[in-house]
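Peer 1: Please see the structure below; I have some questions.
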Amino acid sequence: MKRLRVFVLAAFALGFAAAALAQSWPSKPIKIVIPFPPGNTMDIMTRLIGPKMTERLGQPIVAENRPGASGMLGLDFVAKAPPDGYIIAAGQGGNLTVLPHTSKNISYDPLKDFVPIAVSTTNYLGIVANPDVPFNSVAEMIAYAKANPGKLTVATNGEGGFPHLAFEHLRLMGGFTFTHIPYKGSAAIATDVIGGQVQAGIDGITGLAPHVRSGRLRLLAVTNRARAPLWPDTPTAGEAVPGYESGGWFGYVAPAGTPRNIILRMNEEINRAIVLPDISEKLVGAGLIIVTESPEYFANLMRSDYAKYGKLMRDIGFQPQ
């Protein structure tokens with residue numbers, strides 16, 4: 001009984017301390033760790049909404065870049081940080097639900113070490129081709145690939161990256177083959193598809209858009225479920241391969257154990273800031289789709305995508321690197 005009383009008292013004390021922390025929060029600057037270099041989508045987004053959140057929270061929002069290992073270094077730092085609401089992370093589908101299945105050395109469990117705060121935006125990929133290739137659509141590209149096994153060359157930003165896996169998913173559902181040409185960045189993909197060294201490519205629409213608008217690249221399809229508002233005349237890949245979709249997302253997470261009140265307040269402020277006209281116009285103009293949902297919505301999205309990419313890895317026989 002004595003041990004039980006001690007346990008109950010300790011649990012009560014911890015609960016009281018957490019409640020007191022949530023009520024007094026924030027009393028100092030809040031750091032948002034961006035696990036990518038400056039100029040990344042999450043970096044730009046965080047620096048846009050940070051000042052708006054500062055105005056309402058009364059404490060500075062400090063954006064800190066901690067790039068490295070495809071985003072693992074920054075997320076590992078946040079996973080080990082105190083769960084007090086003063087250090088959170090800007091994450092994305094790639095490093096929270098894909099990387100755990102493609103890397104042998106990942107140091108965090110995205111479903112156990114973090115608590116989701118808010119999805120800020122979603123995005124989609126563009127499937128592009130050199131204007132001189134003998135196909136004008138995804139359906140024609142698949143027909144070409146089936147008639148010429150292994151001859152279709154497709155550029156992505158690297159083995160096991162989100163665009164590569166998105167195209168592998170299309171391959172599985174479409175029943176065709178291709179030769180993967182990995183690159184280190186978006187600029188190199190566009191350059192070599194334009195130059196004809198590679199027939200097609202798949203990447204984030206933001207980096208491809210200027211080349212599509214100039215006519216140097218042909219946009220065959222977008223990968224999200226519905227046609228994109230910025231490209232209303234461009235079909236989705238799912239129109240050629242029913243049931244296919246592959247969208248990405250960006251959002252914010254905190255260390256596991258962060259008080260619920262803090263999570264809800266951060267969710268409220270992120271959602272409020274992201275829809276302000278001077279912010280949303282910039283993000284939508286870059287090809288992003290604004291999201292204002294609950295932490296529970298984000299948690300379900302993470303679990304669903306984690307399971308989806310785990311299955312995809314097994315289906316394509318991908319070996320973690």
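The chains in the structure tokens are called A, B, ... from first to last as shown; in each chain the residues are counted from 1, and the ligands are counted from 1 in the order shown.
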Tell me, counting only C-alpha atoms, for each residue of range 93-182 of chain A within 7 Å of range 201-210 of chain A, which pair of atoms is nearest and how far apart they are in Å to one decimal, in rows ordered by chain and increasing number, as JSON lines.
Peer 2:
```
{"residue": "A:Tyr124", "atom": "CA", "partner": "A:Gly204", "partner_atom": "CA", "distance": 6.4}
{"residue": "A:Leu125", "atom": "CA", "partner": "A:Gly204", "partner_atom": "CA", "distance": 4.5}
{"residue": "A:Gly126", "atom": "CA", "partner": "A:Ile205", "partner_atom": "CA", "distance": 5.0}
{"residue": "A:Ile127", "atom": "CA", "partner": "A:Ile202", "partner_atom": "CA", "distance": 4.5}
{"residue": "A:Val128", "atom": "CA", "partner": "A:Gly201", "partner_atom": "CA", "distance": 5.3}
{"residue": "A:Ala129", "atom": "CA", "partner": "A:Gly201", "partner_atom": "CA", "distance": 6.3}
{"residue": "A:Val154", "atom": "CA", "partner": "A:Gly201", "partner_atom": "CA", "distance": 4.9}
{"residue": "A:Ala155", "atom": "CA", "partner": "A:Gly201", "partner_atom": "CA", "distance": 4.4}
{"residue": "A:Thr156", "atom": "CA", "partner": "A:Ile202", "partner_atom": "CA", "distance": 5.7}
{"residue": "A:Pro163", "atom": "CA", "partner": "A:Asp203", "partner_atom": "CA", "distance": 5.7}
```
Peer 1: Just to be explicit: take each residue in the selection above, keep N, CA and C atoms, and write the result as an mmCIF file, in the first residue's frame.
Peer 2:
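Once written, part.cif looks like this:
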```
data_model
loop_
_atom_site.group_PDB
_atom_site.id
_atom_site.type_symbol
_atom_site.label_atom_id
_atom_site.label_comp_id
_atom_site.auth_asym_id
_atom_site.auth_seq_id
_atom_site.Cartn_x
_atom_site.Cartn_y
_atom_site.Cartn_z
ATOM 1 N N TYR A 124 2.363 17.868 -54.465
ATOM 2 C CA TYR A 124 2.264 16.776 -55.422
ATOM 3 C C TYR A 124 3.475 16.836 -56.336
ATOM 4 N N LEU A 125 3.707 15.754 -57.004
ATOM 5 C CA LEU A 125 4.817 15.665 -57.934
ATOM 6 C C LEU A 125 4.319 15.871 -59.359
ATOM 7 N N GLY A 126 5.234 16.246 -60.229
ATOM 8 C CA GLY A 126 4.933 16.348 -61.643
ATOM 9 C C GLY A 126 5.721 15.293 -62.402
ATOM 10 N N ILE A 127 5.084 14.637 -63.342
ATOM 11 C CA ILE A 127 5.774 13.704 -64.238
ATOM 12 C C ILE A 127 5.968 14.445 -65.556
ATOM 13 N N VAL A 128 7.225 14.652 -65.909
ATOM 14 C CA VAL A 128 7.544 15.456 -67.088
ATOM 15 C C VAL A 128 8.346 14.647 -68.090
ATOM 16 N N ALA A 129 8.377 15.152 -69.311
ATOM 17 C CA ALA A 129 9.141 14.478 -70.366
ATOM 18 C C ALA A 129 9.747 15.505 -71.301
ATOM 19 N N VAL A 154 13.952 7.261 -66.611
ATOM 20 C CA VAL A 154 13.257 8.197 -65.736
ATOM 21 C C VAL A 154 14.222 8.723 -64.674
ATOM 22 N N ALA A 155 14.289 10.042 -64.557
ATOM 23 C CA ALA A 155 15.165 10.697 -63.589
ATOM 24 C C ALA A 155 14.407 11.016 -62.301
ATOM 25 N N THR A 156 15.057 10.765 -61.149
ATOM 26 C CA THR A 156 14.505 11.170 -59.852
ATOM 27 C C THR A 156 15.627 11.778 -59.030
ATOM 28 N N PRO A 163 10.210 10.856 -54.732
ATOM 29 C CA PRO A 163 9.838 10.765 -56.155
ATOM 30 C C PRO A 163 10.123 9.391 -56.765
#
```
Peer 1: Going by DSSP on the backbone, which residues of range 94-222 of chain A come out as helix (DSSP H, G or I)? List them as a PyMOL selection string.
Peer 2: chain A and resi 94-102+138-147+162-174+186-195+205-214
Peer 1: List the spatial neighbours of Ile289 in chain A as an MDAnalysis selection string - criterion: any atom at most 8 Å away, only C-alpha atoms, same-chain residues fewer than 3 positions off excluded.
Peer 2: chainID A and resid 121:123 283:284
Peer 1: With only C-alpha atoms as the counted atoms, please give the residues lying no more than 8 Å from range 68-76 of chain A, apart from itself and same-chain residues fewer than 5 positions off, as a VMD selection string.
Peer 2: chain A and resid 33 to 36 89 91 95 106 to 108
Peer 1: Mind checking which residues fall within 10 Å of range 133-143 of chain A, counting only C-alpha atoms, ignoring those fewer than 4 positions away in the same chain, and posting them as a VMD selection string?
Peer 2: chain A and resid 127 to 129 147 to 148 152 170 to 171 174 to 178 196 198 to 200 218 to 222 234 to 241
Peer 1: I want to know what sits within 9 Å of Gly158 in chain A, based on only C-alpha atoms, with residues of the same chain fewer than 3 positions away left out; could you give that as a PyMOL selection string?
Peer 2: chain A and resi 155+161-164+181-185
Peer 1: Print the selection's residues with N, CA, C and O atoms to a file, as a compact mmCIF listing (two decimals), in the first residue's frame.
Peer 2:
```
# COMPACT_ATOMS: atom_id res chain seq x y z
N ALA A 155 14.29 10.04 -64.56
CA ALA A 155 15.16 10.70 -63.59
C ALA A 155 14.41 11.02 -62.30
O ALA A 155 13.26 11.47 -62.34
N GLY A 161 14.29 7.84 -52.63
CA GLY A 161 13.66 9.12 -52.32
C GLY A 161 12.17 9.08 -52.66
O GLY A 161 11.69 8.18 -53.36
N PHE A 162 11.43 10.06 -52.16
CA PHE A 162 9.99 10.08 -52.36
C PHE A 162 9.60 10.03 -53.84
O PHE A 162 8.74 9.22 -54.24
N PRO A 163 10.21 10.86 -54.73
CA PRO A 163 9.84 10.77 -56.15
C PRO A 163 10.12 9.39 -56.76
O PRO A 163 9.32 8.88 -57.55
N HIS A 164 11.27 8.80 -56.39
CA HIS A 164 11.59 7.47 -56.91
C HIS A 164 10.52 6.46 -56.50
O HIS A 164 10.02 5.67 -57.31
N ILE A 181 17.26 6.59 -63.35
CA ILE A 181 18.47 7.41 -63.42
C ILE A 181 18.44 8.37 -62.23
O ILE A 181 17.73 9.38 -62.26
N PRO A 182 19.17 8.06 -61.15
CA PRO A 182 19.13 8.92 -59.95
C PRO A 182 20.03 10.15 -60.09
O PRO A 182 21.13 10.08 -60.64
N TYR A 183 19.54 11.27 -59.56
CA TYR A 183 20.30 12.52 -59.54
C TYR A 183 20.35 13.04 -58.11
O TYR A 183 19.65 12.55 -57.23
N LYS A 184 21.16 14.06 -57.89
CA LYS A 184 21.31 14.62 -56.55
C LYS A 184 20.39 15.81 -56.28
O LYS A 184 20.27 16.26 -55.15
N GLY A 185 19.76 16.35 -57.32
CA GLY A 185 18.92 17.51 -57.09
C GLY A 185 17.98 17.79 -58.24
O GLY A 185 18.13 17.24 -59.35
```
Peer 1: At what distance in Å, to one decimal, does CA of Gly317 in chain A lie from CA of Pro242 in chain A?
Peer 2: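 Spanning CA of Pro242 in chain A to CA of Gly317 in chain A is a straight-line distance of 23.2 Å.
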Peer 1: Pick from A:Lys282, A:Arg66, A:Lys112, A:Arg265: nearest to Met302 in chain A, with only C-alpha atoms counted?
Peer 2: A:Lys112
Peer 1: Do you know which residues are at most 8 Å from range 45-59 of chain A counting only C-alpha atoms, after dropping those on the same chain fewer than 3 positions away, and could you put them as a list in words?
Peer 2: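 Answer for this query is Pro26, Ser27, Lys28, Pro29, Ile30, Ile32, Thr41, Met42, Val62, Ala63, Ala90, Glu269, Ile270, Ala273, Ile274, Ile279 and Leu283 of chain A.
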Peer 1: Please give the complete set of residues from range 28-143 of chain A that DSSP, run on the backbone, assigns to strand (DSSP E or B), formatted as number ranges by chain.
Peer 2: A: 30-34, 61-65, 87-92, 114-129
Peer 1: Between A:Lys146, A:Arg272, A:Lys151, A:Arg303, which residue has the minimum interatomic distance to Ser120 in chain A, considering only C-alpha atoms?
Peer 2: A:Arg272
Peer 1: Could you tell me how far CA of Gly287 in chain A lies from CA of Leu230 in chain A, in Å and to one decimal?
Peer 2: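 Pair CA of Gly287 in chain A / CA of Leu230 in chain A returns 7.0 Å.
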